[in-house]
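Structure file my_file.txt (compact mmCIF, C-alpha atoms) is printed below.
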```txt
# COMPACT_ATOMS: atom_id res chain seq x y z
CA MET F 1 45.98 -57.48 -11.70
CA ALA F 2 45.53 -57.23 -15.50
CA ALA F 3 42.72 -59.81 -15.42
CA ARG F 4 40.87 -57.86 -12.71
CA LEU F 5 41.23 -54.68 -14.76
CA TRP F 6 39.74 -56.35 -17.86
CA TRP F 7 36.80 -57.72 -15.83
CA SER F 8 36.14 -54.27 -14.34
CA MET F 9 36.12 -52.65 -17.81
CA ALA F 10 33.79 -55.32 -19.17
CA LEU F 11 31.38 -54.85 -16.26
CA PHE F 12 31.45 -51.07 -16.75
CA LEU F 13 30.54 -51.45 -20.45
CA LEU F 14 27.80 -54.00 -19.87
CA LEU F 15 25.97 -52.22 -17.08
CA PRO F 16 24.38 -49.48 -19.29
CA ILE F 17 23.44 -52.10 -21.89
CA ASP F 18 21.77 -54.31 -19.32
CA ALA F 19 19.89 -51.38 -17.80
CA GLY F 20 18.58 -50.32 -21.20
CA ALA F 21 17.52 -53.84 -22.11
CA GLN F 22 15.03 -54.31 -19.30
CA ALA F 23 11.75 -55.83 -20.36
CA PRO F 24 8.87 -53.38 -20.75
CA PRO F 25 6.07 -53.59 -18.22
CA VAL F 26 3.09 -55.74 -19.11
CA ALA F 27 -0.15 -54.02 -20.00
CA GLY F 28 -1.87 -54.96 -16.76
CA GLU F 29 0.72 -53.08 -14.73
CA LEU F 30 -0.18 -49.75 -16.31
CA PRO F 31 -3.46 -48.00 -15.45
CA ARG F 32 -5.81 -47.29 -18.32
CA VAL F 33 -6.80 -43.66 -18.75
CA LEU F 34 -10.53 -43.11 -18.21
CA LEU F 35 -11.94 -40.89 -20.97
CA LEU F 36 -15.69 -41.26 -20.57
CA GLU F 37 -18.32 -42.56 -18.12
CA HIS F 38 -21.98 -42.44 -19.06
CA LEU F 39 -25.23 -44.06 -17.83
CA PHE F 40 -27.59 -45.45 -20.48
CA THR F 41 -31.25 -46.25 -19.78
CA ALA F 42 -32.99 -48.99 -21.77
CA GLY F 43 -35.65 -47.79 -24.19
CA SER F 44 -34.23 -44.27 -24.50
CA ALA F 45 -32.51 -42.76 -27.51
CA ASP F 46 -29.65 -41.57 -25.34
CA THR F 47 -26.25 -41.11 -27.02
CA VAL F 48 -22.92 -39.56 -26.11
CA THR F 49 -20.00 -38.39 -28.24
CA LEU F 50 -16.26 -38.95 -27.90
CA ARG F 51 -13.31 -38.14 -30.12
CA LEU F 52 -11.31 -41.24 -31.03
CA GLU F 53 -7.89 -41.27 -32.69
CA ARG F 54 -6.67 -43.68 -35.32
CA ARG F 55 -3.96 -46.17 -34.24
CA VAL F 56 -4.90 -45.77 -30.58
CA LYS F 57 -6.28 -48.72 -28.63
CA TYR F 58 -9.37 -48.12 -26.48
CA TRP F 59 -11.30 -50.29 -24.04
CA ALA F 60 -15.04 -50.06 -23.38
CA THR F 61 -16.55 -51.74 -20.31
CA LEU F 62 -20.24 -52.14 -19.49
CA SER F 63 -21.79 -52.60 -16.07
CA GLY F 64 -24.31 -55.07 -17.54
CA PRO F 65 -25.25 -56.93 -20.72
CA GLY F 66 -25.22 -54.93 -23.94
CA THR F 67 -23.12 -54.05 -26.97
CA PRO F 68 -21.63 -50.58 -27.67
CA GLU F 69 -21.50 -48.98 -31.09
CA PHE F 70 -19.07 -46.19 -32.04
CA LEU F 71 -20.53 -44.49 -35.11
CA GLN F 72 -19.09 -41.67 -37.20
CA THR F 73 -20.76 -38.29 -37.03
CA ARG F 74 -20.10 -37.90 -40.77
CA ARG F 75 -22.04 -39.84 -43.37
CA TYR F 76 -20.36 -42.59 -45.39
CA HIS F 77 -17.48 -42.91 -42.92
CA ARG F 78 -16.65 -46.20 -41.26
CA ALA F 79 -17.64 -46.90 -37.69
CA ALA F 80 -14.98 -47.92 -35.18
CA LEU F 81 -14.19 -51.62 -34.90
CA VAL F 82 -15.57 -53.11 -31.67
CA VAL F 83 -14.18 -56.49 -30.60
CA PRO F 84 -15.95 -58.25 -27.69
CA MET F 85 -13.82 -60.03 -25.11
CA GLU F 86 -14.84 -63.39 -23.67
CA PRO F 87 -16.99 -62.80 -20.52
CA SER F 88 -15.85 -64.38 -17.28
CA SER F 89 -19.34 -65.82 -16.70
CA PRO F 90 -22.79 -65.78 -18.41
CA GLY F 91 -24.51 -62.42 -17.98
CA ALA F 92 -21.35 -60.75 -16.68
CA ALA F 93 -20.40 -57.18 -17.56
CA GLY F 94 -18.97 -56.87 -21.04
CA GLU F 95 -15.51 -55.66 -22.07
CA PHE F 96 -14.63 -54.60 -25.62
CA GLU F 97 -11.56 -53.52 -27.57
CA VAL F 98 -12.21 -50.46 -29.74
CA TYR F 99 -10.19 -49.31 -32.79
CA ALA F 100 -11.11 -46.18 -34.75
CA ALA F 101 -10.82 -46.35 -38.54
CA GLU F 102 -9.99 -42.64 -38.62
CA THR F 103 -9.52 -39.78 -36.19
CA SER F 104 -12.94 -38.25 -35.65
CA VAL F 105 -15.76 -37.56 -33.20
CA HIS F 106 -17.85 -40.73 -32.70
CA VAL F 107 -21.39 -41.16 -31.45
CA ILE F 108 -21.67 -43.91 -28.82
CA ARG F 109 -24.88 -45.87 -28.30
CA LEU F 110 -25.82 -49.22 -26.74
CA THR F 111 -27.80 -52.09 -28.20
CA GLY F 112 -29.12 -55.22 -26.52
CA VAL F 113 -29.82 -53.57 -23.16
CA ARG F 114 -32.47 -55.38 -21.13
CA PRO F 115 -35.83 -53.56 -20.79
CA GLY F 116 -36.03 -51.43 -17.66
CA SER F 117 -32.31 -51.72 -16.88
CA GLN F 118 -29.55 -49.15 -16.72
CA VAL F 119 -26.02 -49.77 -17.98
CA THR F 120 -22.95 -47.62 -17.40
CA ILE F 121 -20.29 -47.49 -20.09
CA ARG F 122 -16.69 -46.53 -19.37
CA VAL F 123 -14.22 -45.86 -22.18
CA TYR F 124 -10.47 -46.03 -21.51
CA ARG F 125 -7.35 -45.27 -23.54
CA ASP F 126 -4.67 -47.97 -23.33
CA ASP F 127 -1.35 -46.12 -23.66
CA PHE F 128 0.79 -49.22 -23.26
CA GLU F 129 -0.88 -51.15 -26.10
CA THR F 130 -0.96 -48.01 -28.24
CA GLU F 131 2.80 -47.65 -27.87
CA ARG F 132 3.31 -51.32 -28.68
CA MET F 133 1.19 -51.00 -31.84
CA ALA F 134 3.18 -47.92 -32.89
CA LEU F 135 6.43 -49.87 -32.54
CA LEU F 136 5.03 -52.69 -34.67
CA HIS F 137 3.82 -50.17 -37.26
CA ASP F 138 7.30 -48.64 -37.46
CA HIS F 139 8.61 -52.02 -38.63
CA ASP F 140 5.97 -52.56 -41.32
CA PHE F 141 6.82 -52.16 -44.99
CA ALA F 142 5.65 -48.79 -46.31
CA VAL F 143 5.93 -46.66 -49.44
CA GLY F 144 6.62 -42.94 -49.04
CA LEU F 145 7.83 -39.92 -50.98
CA TYR F 146 10.94 -37.75 -50.99
CA LEU F 147 11.42 -34.31 -52.58
CA GLY F 148 14.60 -32.26 -52.33
CA GLY F 149 17.30 -30.25 -54.03
CA GLY F 150 20.86 -29.03 -53.67
CA VAL F 151 24.11 -28.22 -55.45
CA HIS F 152 26.84 -30.20 -57.21
CA SER F 153 30.42 -29.57 -58.28
CA GLY F 154 31.41 -29.14 -61.92
CA TYR F 155 32.45 -31.91 -64.34
CA ARG F 156 33.11 -32.51 -68.06
CA LEU F 157 30.86 -34.37 -70.44
CA ASP F 158 32.59 -33.46 -73.70
CA PRO F 159 36.35 -32.97 -74.29
CA THR F 160 35.60 -30.00 -76.57
CA GLY F 161 33.35 -28.30 -74.05
CA GLY F 162 35.69 -27.79 -71.10
CA THR F 163 34.87 -28.29 -67.44
CA ALA F 164 31.46 -26.92 -66.50
CA ALA F 165 31.10 -24.99 -63.26
CA HIS F 166 28.88 -26.12 -60.40
CA GLY F 167 25.11 -26.19 -60.75
CA GLY F 168 21.87 -27.05 -59.00
CA ASP F 169 19.78 -30.19 -58.44
CA VAL F 170 16.08 -30.89 -58.00
CA GLU F 171 14.96 -34.47 -57.45
CA GLY F 172 12.18 -36.66 -56.14
CA CYS F 173 11.61 -40.34 -55.56
CA VAL F 174 9.28 -43.03 -54.34
CA LEU F 175 10.78 -44.42 -51.14
CA ALA F 176 10.25 -48.11 -50.36
CA ASP F 177 10.95 -48.53 -46.63
CA THR F 178 11.24 -52.02 -45.15
CA GLY F 179 10.74 -50.63 -41.64
CA HIS F 180 14.14 -51.88 -40.50
CA TRP F 181 17.63 -50.80 -41.64
CA PHE F 182 17.13 -50.91 -45.42
CA SER F 183 15.21 -48.72 -47.88
CA THR F 184 15.32 -47.94 -51.60
CA CYS F 185 14.69 -44.64 -53.39
CA ILE F 186 13.57 -44.87 -57.05
CA GLY F 187 13.14 -41.56 -58.81
CA ALA F 188 14.30 -38.84 -61.18
CA GLY F 189 16.09 -35.51 -60.99
CA ARG F 190 17.09 -32.45 -63.00
CA GLN F 191 20.68 -31.24 -62.84
CA THR F 192 21.88 -27.97 -64.36
CA LEU F 193 25.31 -26.98 -65.68
CA PRO F 194 24.76 -23.24 -66.30
CA SER F 195 28.24 -22.45 -67.63
CA ALA F 196 27.88 -25.15 -70.30
CA ASP F 197 24.22 -24.32 -70.95
CA LEU F 198 23.25 -27.93 -70.24
CA THR F 199 20.46 -29.59 -68.29
CA LEU F 200 20.53 -33.30 -67.50
CA THR F 201 17.56 -35.47 -66.57
CA TRP F 202 18.62 -38.41 -64.40
CA PHE F 203 16.73 -41.59 -63.57
CA PHE F 204 18.15 -43.38 -60.57
CA ILE F 205 17.80 -46.15 -58.04
CA GLU F 206 19.40 -45.62 -54.65
CA PRO F 207 19.58 -48.33 -51.96
CA ARG F 208 20.06 -46.91 -48.46
CA ALA F 209 21.30 -48.68 -45.33
CA ARG F 210 20.87 -47.22 -41.83
CA VAL F 211 23.94 -47.80 -39.66
CA TYR F 212 23.07 -45.77 -36.54
CA SER F 213 20.00 -44.41 -34.75
CA GLY F 214 19.80 -42.10 -31.76
CA HIS F 215 18.16 -38.86 -30.67
CA LEU F 216 19.61 -35.35 -30.69
CA LEU F 217 16.44 -33.26 -30.31
CA GLY F 218 14.43 -34.49 -27.34
CA ASP F 219 12.42 -37.58 -28.23
CA HIS F 220 12.83 -37.13 -31.99
CA ARG F 221 14.78 -39.90 -33.69
CA PHE F 222 17.97 -39.28 -35.68
CA ASP F 223 19.39 -41.73 -38.28
CA LEU F 224 22.77 -41.98 -39.98
CA GLY F 225 23.33 -44.18 -43.01
CA ALA F 226 25.14 -44.92 -46.28
CA SER F 227 23.83 -45.04 -49.83
CA ILE F 228 24.77 -46.16 -53.35
CA ARG F 229 23.23 -44.46 -56.38
CA VAL F 230 23.11 -45.92 -59.89
CA ALA F 231 21.78 -43.39 -62.43
CA GLN F 232 21.32 -42.95 -66.14
CA SER F 233 20.77 -39.65 -67.93
CA GLN F 234 18.86 -38.86 -71.09
CA GLU F 235 20.83 -37.67 -74.09
CA THR F 236 22.04 -34.11 -73.75
CA GLY F 237 24.19 -31.58 -75.62
CA ALA F 238 25.09 -31.25 -79.30
CA ARG F 239 26.75 -34.67 -79.33
CA HIS F 240 23.78 -36.38 -77.66
CA ILE F 241 25.85 -37.78 -74.82
CA SER F 242 23.97 -40.05 -72.40
CA PRO F 243 26.15 -40.37 -69.27
CA SER F 244 25.74 -42.88 -66.46
CA LEU F 245 26.64 -42.32 -62.82
CA LEU F 246 27.80 -44.43 -59.91
CA ALA F 247 27.89 -42.61 -56.57
CA VAL F 248 28.40 -43.48 -52.91
CA GLY F 249 27.45 -41.26 -50.00
CA VAL F 250 26.30 -40.74 -46.45
CA TYR F 251 22.98 -39.34 -45.25
CA VAL F 252 21.27 -38.13 -42.09
CA VAL F 253 17.56 -38.16 -41.29
CA GLN F 254 15.95 -36.08 -38.55
CA HIS F 255 12.50 -37.51 -37.87
CA LEU F 256 9.85 -35.03 -36.81
CA SER F 257 7.51 -37.53 -35.13
CA ALA F 258 7.71 -37.69 -31.33
CA ASN F 259 8.41 -40.70 -29.09
CA LEU F 260 11.33 -41.82 -31.29
CA ARG F 261 8.94 -42.82 -34.09
CA GLN F 262 10.30 -43.11 -37.63
CA ARG F 263 7.09 -42.63 -39.60
CA GLY F 264 5.57 -39.37 -40.76
CA TRP F 265 7.59 -36.34 -41.87
CA SER F 266 11.40 -36.26 -41.78
CA ILE F 267 14.21 -33.92 -42.83
CA TYR F 268 16.74 -35.63 -45.10
CA ALA F 269 20.27 -34.42 -45.98
CA ALA F 270 23.03 -36.23 -47.90
CA TRP F 271 26.48 -35.95 -49.43
CA GLN F 272 27.50 -38.10 -52.41
CA HIS F 273 30.65 -38.58 -54.43
CA GLY F 274 30.05 -39.86 -57.94
CA ARG F 275 31.89 -40.75 -61.12
CA LEU F 276 30.53 -40.45 -64.65
CA GLY F 277 30.51 -43.29 -67.14
CA ASN F 278 29.60 -43.63 -70.82
CA VAL F 279 31.25 -40.30 -71.72
CA PRO F 280 34.12 -39.60 -74.14
CA GLU F 281 35.93 -37.46 -71.55
CA THR F 282 38.71 -39.07 -69.51
CA GLU F 283 39.29 -36.24 -67.01
CA ASP F 284 37.12 -34.32 -64.54
CA ARG F 285 34.53 -37.09 -64.39
CA ASP F 286 34.19 -37.02 -60.60
CA ASN F 287 31.72 -34.75 -58.83
CA ASN F 288 30.24 -34.13 -55.37
CA ARG F 289 26.63 -33.41 -54.41
CA LEU F 290 24.98 -31.88 -51.36
CA THR F 291 21.22 -32.31 -51.14
CA ALA F 292 18.46 -31.81 -48.59
CA GLY F 293 14.72 -32.25 -48.57
CA LEU F 294 11.61 -33.67 -46.93
CA THR F 295 10.52 -37.28 -46.66
CA TRP F 296 7.07 -38.58 -45.80
CA VAL F 297 6.38 -42.23 -44.94
CA PRO F 298 2.88 -43.20 -43.74
```

Here is the file; what I need is its structure written in the form of structure tokens.
Amino acid sequence: MAARLWWSMALFLLLPIDAGAQAPPVAGELPRVLLLEHLFTAGSADTVTLRLERRVKYWATLSGPGTPEFLQTRRYHRAALVVPMEPSSPGAAGEFEVYAAETSVHVIRLTGVRPGSQVTIRVYRDDFETERMALLHDHDFAVGLYLGGGVHSGYRLDPTGGTAAHGGDVEGCVLADTGHWFSTCIGAGRQTLPSADLTLTWFFIEPRARVYSGHLLGDHRFDLGASIRVAQSQETGARHISPSLLAVGVYVVQHLSANLRQRGWSIYAAWQHGRLGNVPETEDRDNNRLTAGLTWVP
């Protein structure tokens, strides 16, 4: 009886995992979205315009021989990349992959059309391949920025100065994101101790490790992680004290990009508990920080 119960519990736990781990459909199973159909006549200066988006995959098909060009409407901007596919037979209709260098309106024209012939071009958006490229992009290494602020509890730097009351923080960093579970924030911050009339400038490095990802707001991704901060302050106060700091904490990130993407703008919030080093004081060296801000990763 006990063995049957254990097997039932195991099956219950595995069923949701197995259902969520189904392989995605192949590209051919999903219809491409037709965006444009236009008939070109050889010898004419006919053109047509279409807005293309960066990081979206498009297909262009021709009803006869020829080569499409997707040119920018603005001068000195790069044309879209057009990659010809291998034709099934000589003289067969052409098929091309199209990738825009930037989001913009493009002018479409055909070259190499036979004299006296007419060729129809059809342009499609491939949502499946676009989603796949976005997933790959999420896992690329990228360098972003973070800017935030918050409050911290009081602490003592100098035995003769007493315990300072709480104060405020402003900080920023360059965020190196591996695209997986690990990132590193390298930056600087200003921390005030108003009751002691002190301001500290900190330089820090903060490795971050993501331990959980989910979604709380629709299709916007939510991350939970842990961090370790190692910091060093410039000399401050009448005794020119230069404290160090070792802090551990937890953080949450609410990504603002849709479709569970982790690039673009995000809201960041964190709590840290730290302890001062390189100070003459032996008491009240611990402090807590609450911070929040915005992160941008391209």

For the contact check between stretch 150-259 of chain F and stretch 114-135 of chain F, emit one row per residue of stretch 150-259 of chain F within 12 Å, containing the shortest atom pair and the distance in Å rounded to one decimal, counting all atoms listed in the file, chain then rising number order, as JSON lines.
```
{"residue": "F:Gly179", "atom": "CA", "partner": "F:Leu135", "partner_atom": "CA", "distance": 10.1}
{"residue": "F:His180", "atom": "CA", "partner": "F:Leu135", "partner_atom": "CA", "distance": 11.3}
{"residue": "F:Ser257", "atom": "CA", "partner": "F:Ala134", "partner_atom": "CA", "distance": 11.5}
{"residue": "F:Ala258", "atom": "CA", "partner": "F:Ala134", "partner_atom": "CA", "distance": 11.3}
{"residue": "F:Asn259", "atom": "CA", "partner": "F:Glu131", "partner_atom": "CA", "distance": 9.0}
```

- prompt: Need the neighbours of (13.7, -38.1, -35.4): which residues are at most 7 Å away, counting all atoms listed in the file, as a list in words?
  reply: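 Protein, DNA and RNA residues close to (13.7, -38.1, -35.4): His215, His220, Arg221, Phe222, Gln254, His255, Leu256, Ser257, Leu260, Arg261 and Gln262 of chain F.
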
- request: Rounded to one decimal place, report the atom CA of F:Leu52-atom CA of F:Leu136 distance in Å.
  value: 20.3 Å

message: Please determine, counting only C-alpha atoms, which residue among F:Ser195, F:Thr201, F:Gln72, F:Thr47 has the shortest atom-to-atom distance to F:Gln234.
response: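 Between F:Ser195, F:Thr201, F:Gln72, F:Thr47, the residue approaching F:Gln234 most closely is F:Thr201.
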
task: Can you work out the spacing between atom CA of F:Ala60 and atom CA of F:Leu81 in Å, to one decimal?
output: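 So the two atoms, atom CA of F:Ala60 and atom CA of F:Leu81, lie 11.7 Å apart.
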
query: F:Leu39, F:Val107, F:Leu294, F:Ile241: which is nearest F:Gly264, counting all atoms listed in the file?
result: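 Of F:Leu39, F:Val107, F:Leu294, F:Ile241, the one nearest F:Gly264, counting all atoms listed in the file, is F:Leu294.
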
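Ranking F:Ala100, F:Pro84, F:His106, F:Gly150 by their shortest atom-to-atom distance to F:Gly293, with all atoms listed in the file included, puts F:Gly150 first.
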
field: 8 Å contact set for F:Leu246, all atoms listed in the file, chain neighbours under 2 positions out, as a ChimeraX atom specification
entry: /F:228-231,244,248,274-277

Only C-alpha atoms, please: the residues just picked out, written as a PDB file, keeping the file's coordinate frame.
```pdb
ATOM      1  CA  ILE F 228      24.770 -46.160 -53.350  1.00  0.00           C
ATOM      2  CA  ARG F 229      23.230 -44.460 -56.380  1.00  0.00           C
ATOM      3  CA  VAL F 230      23.110 -45.920 -59.890  1.00  0.00           C
ATOM      4  CA  ALA F 231      21.780 -43.390 -62.430  1.00  0.00           C
ATOM      5  CA  SER F 244      25.740 -42.880 -66.460  1.00  0.00           C
ATOM      6  CA  VAL F 248      28.400 -43.480 -52.910  1.00  0.00           C
ATOM      7  CA  GLY F 274      30.050 -39.860 -57.940  1.00  0.00           C
ATOM      8  CA  ARG F 275      31.890 -40.750 -61.120  1.00  0.00           C
ATOM      9  CA  LEU F 276      30.530 -40.450 -64.650  1.00  0.00           C
ATOM     10  CA  GLY F 277      30.510 -43.290 -67.140  1.00  0.00           C
TER      11      GLY F 277
END
```

query: In Å, with one decimal, what is the gap from atom CA of F:Ala196 to atom CA of F:Arg156?
result: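 A separation of 9.3 Å between them.
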
query: With all atoms listed in the file as the basis for distance, which of F:Pro243, F:Val143, F:Asn288, F:Gly214 is at the shortest distance from F:Gly168?
result: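 Answer, going by the shortest atom-to-atom distance: F:Asn288.
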
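Take the candidates F:Arg54, F:Arg239, F:Val253, F:Ala176 and check each one against F:Leu216 using only C-alpha atoms; the shortest distance goes to F:Val253.
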
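Closest approach to F:Glu206 among F:Gly148, F:Gly112, F:Gly167, F:Gly249 is made by F:Gly249 (distances from all atoms listed in the file).
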
Reconstruct N, CA and C atoms of stretch 136-159 of chain F; output as an mmCIF file, in the frame of the given file.
```
data_model
loop_
_atom_site.group_PDB
_atom_site.id
_atom_site.type_symbol
_atom_site.label_atom_id
_atom_site.label_comp_id
_atom_site.auth_asym_id
_atom_site.auth_seq_id
_atom_site.Cartn_x
_atom_site.Cartn_y
_atom_site.Cartn_z
ATOM 1 N N LEU F 136 5.244 -51.695 -33.617
ATOM 2 C CA LEU F 136 5.030 -52.690 -34.670
ATOM 3 C C LEU F 136 4.814 -52.003 -36.023
ATOM 4 N N HIS F 137 4.066 -50.896 -36.015
ATOM 5 C CA HIS F 137 3.820 -50.170 -37.260
ATOM 6 C C HIS F 137 5.102 -49.602 -37.843
ATOM 7 N N ASP F 138 6.013 -49.160 -36.994
ATOM 8 C CA ASP F 138 7.300 -48.640 -37.460
ATOM 9 C C ASP F 138 8.073 -49.678 -38.256
ATOM 10 N N HIS F 139 7.859 -50.955 -37.965
ATOM 11 C CA HIS F 139 8.610 -52.020 -38.630
ATOM 12 C C HIS F 139 7.832 -52.668 -39.769
ATOM 13 N N ASP F 140 6.703 -52.081 -40.146
ATOM 14 C CA ASP F 140 5.970 -52.560 -41.320
ATOM 15 C C ASP F 140 6.573 -51.975 -42.592
ATOM 16 N N PHE F 141 6.412 -52.707 -43.692
ATOM 17 C CA PHE F 141 6.820 -52.160 -44.990
ATOM 18 C C PHE F 141 5.887 -51.025 -45.374
ATOM 19 N N ALA F 142 6.452 -49.939 -45.912
ATOM 20 C CA ALA F 142 5.650 -48.790 -46.310
ATOM 21 C C ALA F 142 6.290 -48.110 -47.515
ATOM 22 N N VAL F 143 5.465 -47.402 -48.265
ATOM 23 C CA VAL F 143 5.930 -46.660 -49.440
ATOM 24 C C VAL F 143 5.663 -45.180 -49.202
ATOM 25 N N GLY F 144 6.726 -44.364 -49.267
ATOM 26 C CA GLY F 144 6.620 -42.940 -49.040
ATOM 27 C C GLY F 144 7.169 -42.130 -50.196
ATOM 28 N N LEU F 145 7.354 -40.845 -49.947
ATOM 29 C CA LEU F 145 7.830 -39.920 -50.980
ATOM 30 C C LEU F 145 8.965 -39.061 -50.432
ATOM 31 N N TYR F 146 9.852 -38.673 -51.340
ATOM 32 C CA TYR F 146 10.940 -37.750 -50.990
ATOM 33 C C TYR F 146 11.020 -36.678 -52.076
ATOM 34 N N LEU F 147 11.227 -35.426 -51.662
ATOM 35 C CA LEU F 147 11.420 -34.310 -52.580
ATOM 36 C C LEU F 147 12.499 -33.409 -52.006
ATOM 37 N N GLY F 148 13.504 -33.088 -52.829
ATOM 38 C CA GLY F 148 14.600 -32.260 -52.330
ATOM 39 C C GLY F 148 15.376 -31.603 -53.452
ATOM 40 N N GLY F 149 16.444 -30.937 -53.064
ATOM 41 C CA GLY F 149 17.300 -30.250 -54.030
ATOM 42 C C GLY F 149 18.626 -29.918 -53.394
ATOM 43 N N GLY F 150 19.539 -29.357 -54.201
ATOM 44 C CA GLY F 150 20.860 -29.030 -53.670
ATOM 45 C C GLY F 150 21.777 -28.507 -54.751
ATOM 46 N N VAL F 151 23.080 -28.705 -54.526
ATOM 47 C CA VAL F 151 24.110 -28.220 -55.450
ATOM 48 C C VAL F 151 25.092 -29.354 -55.726
ATOM 49 N N HIS F 152 25.814 -29.221 -56.856
ATOM 50 C CA HIS F 152 26.840 -30.200 -57.210
ATOM 51 C C HIS F 152 28.047 -29.475 -57.790
ATOM 52 N N SER F 153 29.199 -30.129 -57.710
ATOM 53 C CA SER F 153 30.420 -29.570 -58.280
ATOM 54 C C SER F 153 30.434 -29.772 -59.800
ATOM 55 N N GLY F 154 31.351 -29.071 -60.475
ATOM 56 C CA GLY F 154 31.410 -29.140 -61.920
ATOM 57 C C GLY F 154 32.084 -30.418 -62.436
ATOM 58 N N TYR F 155 31.828 -30.756 -63.687
ATOM 59 C CA TYR F 155 32.450 -31.910 -64.340
ATOM 60 C C TYR F 155 32.388 -31.711 -65.858
ATOM 61 N N ARG F 156 33.055 -32.610 -66.591
ATOM 62 C CA ARG F 156 33.110 -32.510 -68.060
ATOM 63 C C ARG F 156 32.379 -33.674 -68.690
ATOM 64 N N LEU F 157 31.523 -33.343 -69.637
ATOM 65 C CA LEU F 157 30.860 -34.370 -70.440
ATOM 66 C C LEU F 157 31.516 -34.550 -71.792
ATOM 67 N N ASP F 158 32.076 -33.471 -72.328
ATOM 68 C CA ASP F 158 32.590 -33.460 -73.700
ATOM 69 C C ASP F 158 33.994 -32.848 -73.695
ATOM 70 N N PRO F 159 34.993 -33.525 -74.278
ATOM 71 C CA PRO F 159 36.350 -32.970 -74.290
ATOM 72 C C PRO F 159 36.443 -31.593 -74.944
#
```
